[in-house]
Structure formats: C-alpha cells, structure tokens
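Trainee: Before I ask anything, let me first share the structure, which is written out below as structure tokens.
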Amino acid sequence: MTVYLNGQFMPMAEARIPVLDRGFIFGDGVYEVIPVYSRRAFRLAEHLERLQHSLDGIRLQNPYSDAEWSKLINELIARNAGEDQYLYLHITRGVARRDHAFPNPPVAPTVFMMSSPLSTPSAELLHSGVSAVSAQDNRWLRCDIKATSLLPNVLLRQMAVDAGCVETILIRDDCFMTEGAASNIFAVKNGILLAPPKDNLMLPGITYDVVLELAAANGIRHEVRRVTKQEVFNADELLLTSSTREVLAITQLDGKPVGDGKPGAMFARLHQLYQHFKRDVMRKA
Ligand code: PDD
C-alpha cells in the first residue's frame, strides 16, 4: 500500500511522523474520507470545499491549492490497487514543542494520505438492515469541523458495538437528533424524508447531500428541519448514510423494531436511486 506523507509517496511501513506532531499530542488536525469509484474520486470539489471549511474552523492554512490536491489525490489512486478505493487524508498543525497555543511562528503542517479498499455494505446487511442504539450527544459545538480529535465519536460508536449494533444515534439536549457517531441519520414518517439541518451540530455529509439531491430530483417528499427525539423513536423508517456505508436501513433502535422492523419503501427507493447514480454518474464523472 502506497501512502503520501509530506511531499512524498512511500510504502505505508516507511511512513513515520515525530512524536511531537500536534496531531498525536493534541488531535490538532482535520481529515477527509473520499470514496473512489472506477478510479474517480467522488465529488472531489465538494470534499475539498468541506476540507477548507474544517481548516478555516481550526485556523490552519490550506497547504495546497485545489489543483494541487487533485493532482496528488489522482496520483495516490493510480499508485494503489483497486478500481474502488477510499481515501483518507489528514492534515495536522505540524511538529512543535508541546504547548496548547499554536506554534509561533507557524511550522509546516503534516499532510498524510492513504488509500484502502472500498467495501460497500453486504447484500445481507442491505436485506436485514442494521441495529442502532441511542445516546446523548455530548460532543462540542463545532461538529461541522471534520476534526481528527474524535474521542467522543469513538466512545459513542463503541457503545453501539458493545450492544452488538452498528451505529449510535445521537440526541442533543434530550430533544432532537443530530447524526450518528460516524454517519448522518434520516427519519421517515408518513412517506416524508426528514433530515436534520446542516448546522454546527453535525458534519455536513457528502452522502447526505447526494441523498437529498436524489430525493428532490425524484419527487420524494422531504423536509430539512430539526427532527425531534420523539420523531426518531416513532419513525416508520430510519436511514444511515456515509461515504463508506452509502445508504443503510436502521431496523432496530435500542432493541425495539423501527416501524415493522424491516427495511422500508423509502430505503428501497433511495438505495436504488443511489446505486443508479453511482453507476451512471459517479463512475463516469
Ligand atoms: N465519517 N457524520 C459523522 C460524524 C461522520 O464521521 C461521517 C463520515 C458522516 C458522513 O459524512 P460523508 O457522507 O461525507 O461520509 C457524518 C467518515 C466516513 C469517517 O470518519 O470514516
């Protein structure tokens, strides 16, 4: 596996960073996950835009122009096996003496990228749906930044795994749903797709955007607004989206069936639209 680190491509085993890297010491960095279909980075412009938003959010200068990112990303794709991949890219505030304050003068950021095989959900998972637990969203108020400091998300996701589930649905202030520990969440009631608004309390998912665009283009009724805790627990369907898991039905929440406990009509429709979009648009972009 070939990775990219600070200007060079190299085998993963040779990639090294100093222990004083602020990513290691403070989790002081941001990242992106970009799916690649037929060796084409999906929605690269949108991912780079979100990366810029994250960098602005942590006051770190973007080390590369979009054209430079694009060239590096395409080279990384070419140097790795597999028509479908997923890219992880990671930028930290660099290596400096340990001090919470930013290094002054600034130091060079650390830039790391790797590619992994993209494995989309199995037919079995698509057929059965997945189970989720709910938990209080105890994260900070800048969940729109794709920060590498993911300890809250890690602990929240582990709650799901400990319960034999796939995802944790996060409820803010005991009142409304924000997203999953590592995904966006939609609810469905009476044929209407309900999506939480993209604000500071959730990560603006690229897959979330695709799903809403597909809904709009195909006459699927949808509302972007706060989705209450009550609506989550009384939903006919719950859906999960992310770059690596695409669209999945959540068929159990906290041990109880969601709707009739099977993937529903909205899931079937959106999953089909997503697969067609992948085949006809993403693979040929
Ligand atoms: N995570 N919300 C959170 C907290 C996430 O971590 C993710 C994705 C999403 C979905 O975003 P997108 O559709 O752009 O993948 C929402 C990635 C996959 C990860 O951390 O590995």
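For the structure tokens, the naming scheme is as follows: chains receive sequential letters (A, B, ...) according to their order of presentation, residues are indexed from 1 within each chain, and ligands are indexed from 1 in presentation order.
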Quick one: residues within 10 Å of Ala78 of chain A, only C-alpha atoms counted, chain neighbours fewer than 6 positions away excluded, as a PyMOL selection string?
Mentor: chain A and resi 2+39-40+72
Trainee: Taking 5 positions as the minimum chain separation for residues in the same chain, which residues sit within 12 Å of Val130 of chain A when counting only C-alpha atoms? Answer as a PDB file with C-alpha atoms, in the first residue's frame.
Mentor:
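Written out: result_22.pdb:
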```pdb
ATOM      1  CA  PRO A 121     -22.381  -2.992   2.620  1.00  0.00           C
ATOM      2  CA  SER A 122     -23.061  -6.698   2.039  1.00  0.00           C
ATOM      3  CA  ALA A 123     -26.297  -7.934   0.447  1.00  0.00           C
ATOM      4  CA  GLU A 124     -27.187  -9.404   3.825  1.00  0.00           C
ATOM      5  CA  LEU A 125     -26.914  -6.034   5.613  1.00  0.00           C
ATOM      6  CA  ALA A 160     -23.137   0.545  19.656  1.00  0.00           C
ATOM      7  CA  VAL A 161     -20.505  -2.147  19.199  1.00  0.00           C
ATOM      8  CA  GLY A 164     -23.947  -5.729  19.170  1.00  0.00           C
ATOM      9  CA  CYS A 165     -25.118  -2.821  16.996  1.00  0.00           C
ATOM     10  CA  VAL A 166     -23.687  -0.889  14.090  1.00  0.00           C
ATOM     11  CA  GLU A 167     -24.291   2.762  14.943  1.00  0.00           C
ATOM     12  CA  THR A 168     -25.182   5.161  17.754  1.00  0.00           C
ATOM     13  CA  GLU A 237     -38.021   4.177   8.953  1.00  0.00           C
ATOM     14  CA  LEU A 238     -34.549   5.355   9.939  1.00  0.00           C
ATOM     15  CA  LEU A 239     -31.700   5.604   7.427  1.00  0.00           C
ATOM     16  CA  LEU A 240     -27.977   5.981   7.867  1.00  0.00           C
ATOM     17  CA  ARG A 245     -21.650   2.717   4.068  1.00  0.00           C
ATOM     18  CA  VAL A 247     -27.354   4.199   2.448  1.00  0.00           C
ATOM     19  CA  LEU A 248     -28.429   1.637   5.054  1.00  0.00           C
ATOM     20  CA  ALA A 249     -31.728   0.978   6.805  1.00  0.00           C
ATOM     21  CA  ILE A 250     -31.727   1.034  10.603  1.00  0.00           C
ATOM     22  CA  THR A 251     -34.297  -1.582  11.545  1.00  0.00           C
ATOM     23  CA  GLN A 252     -33.797  -1.742  15.319  1.00  0.00           C
ATOM     24  CA  LEU A 253     -33.263   1.057  17.802  1.00  0.00           C
ATOM     25  CA  ASP A 254     -32.440   0.351  21.442  1.00  0.00           C
ATOM     26  CA  GLY A 255     -33.610  -3.235  20.979  1.00  0.00           C
ATOM     27  CA  LYS A 256     -37.013  -2.326  19.523  1.00  0.00           C
ATOM     28  CA  PRO A 257     -38.096  -2.587  15.879  1.00  0.00           C
ATOM     29  CA  VAL A 258     -38.153   0.595  13.803  1.00  0.00           C
ATOM     30  CA  GLY A 261     -38.563  -3.935  11.777  1.00  0.00           C
ATOM     31  CA  LYS A 262     -37.708  -4.398   8.083  1.00  0.00           C
ATOM     32  CA  PRO A 263     -36.039  -2.050   5.580  1.00  0.00           C
TER      33      PRO A 263
END
```
Trainee: Set the cut-off to 7 Å, count only C-alpha atoms and all ligand atoms, and list whatever residues fall near ligand 1 as a PyMOL selection string.
Mentor: chain A and resi 33+153+179-184+202-208+241-244
Trainee: Would you pick out the contacts of segment 106-113 of chain A at 7 Å or less, using only C-alpha atoms, so that residues sharing its chain but fewer than 2 positions from it are not included, and give the list as a PDB file with C-alpha atoms, in the first residue's frame?
Mentor:
```pdb
ATOM      1  CA  VAL A   3       0.754   6.372   1.130  1.00  0.00           C
ATOM      2  CA  TYR A   4       1.563  10.070   0.820  1.00  0.00           C
ATOM      3  CA  LEU A   5       3.396  11.900   3.594  1.00  0.00           C
ATOM      4  CA  ASN A   6       4.668  15.477   3.415  1.00  0.00           C
ATOM      5  CA  LEU A  87      -9.033   7.776   0.524  1.00  0.00           C
ATOM      6  CA  TYR A  88      -8.253   9.113   3.950  1.00  0.00           C
ATOM      7  CA  LEU A  89      -6.477  12.469   4.095  1.00  0.00           C
ATOM      8  CA  HIS A  90      -5.256  14.123   7.223  1.00  0.00           C
ATOM      9  CA  ILE A  91      -3.618  17.479   7.977  1.00  0.00           C
ATOM     10  CA  THR A  92      -2.231  18.449  11.381  1.00  0.00           C
ATOM     11  CA  ARG A  93      -0.745  21.690  12.691  1.00  0.00           C
ATOM     12  CA  GLY A  94       2.702  20.102  12.471  1.00  0.00           C
ATOM     13  CA  VAL A  95       5.536  19.309  14.858  1.00  0.00           C
ATOM     14  CA  PRO A 103       3.351  27.309  17.259  1.00  0.00           C
ATOM     15  CA  ASN A 104       4.633  30.841  16.672  1.00  0.00           C
TER      16      ASN A 104
END
```
Trainee: How many Å separate atom CA of Gly219 of chain A from atom CA of Met282 of chain A?
Mentor: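 These two atoms are separated by 21.1 Å.
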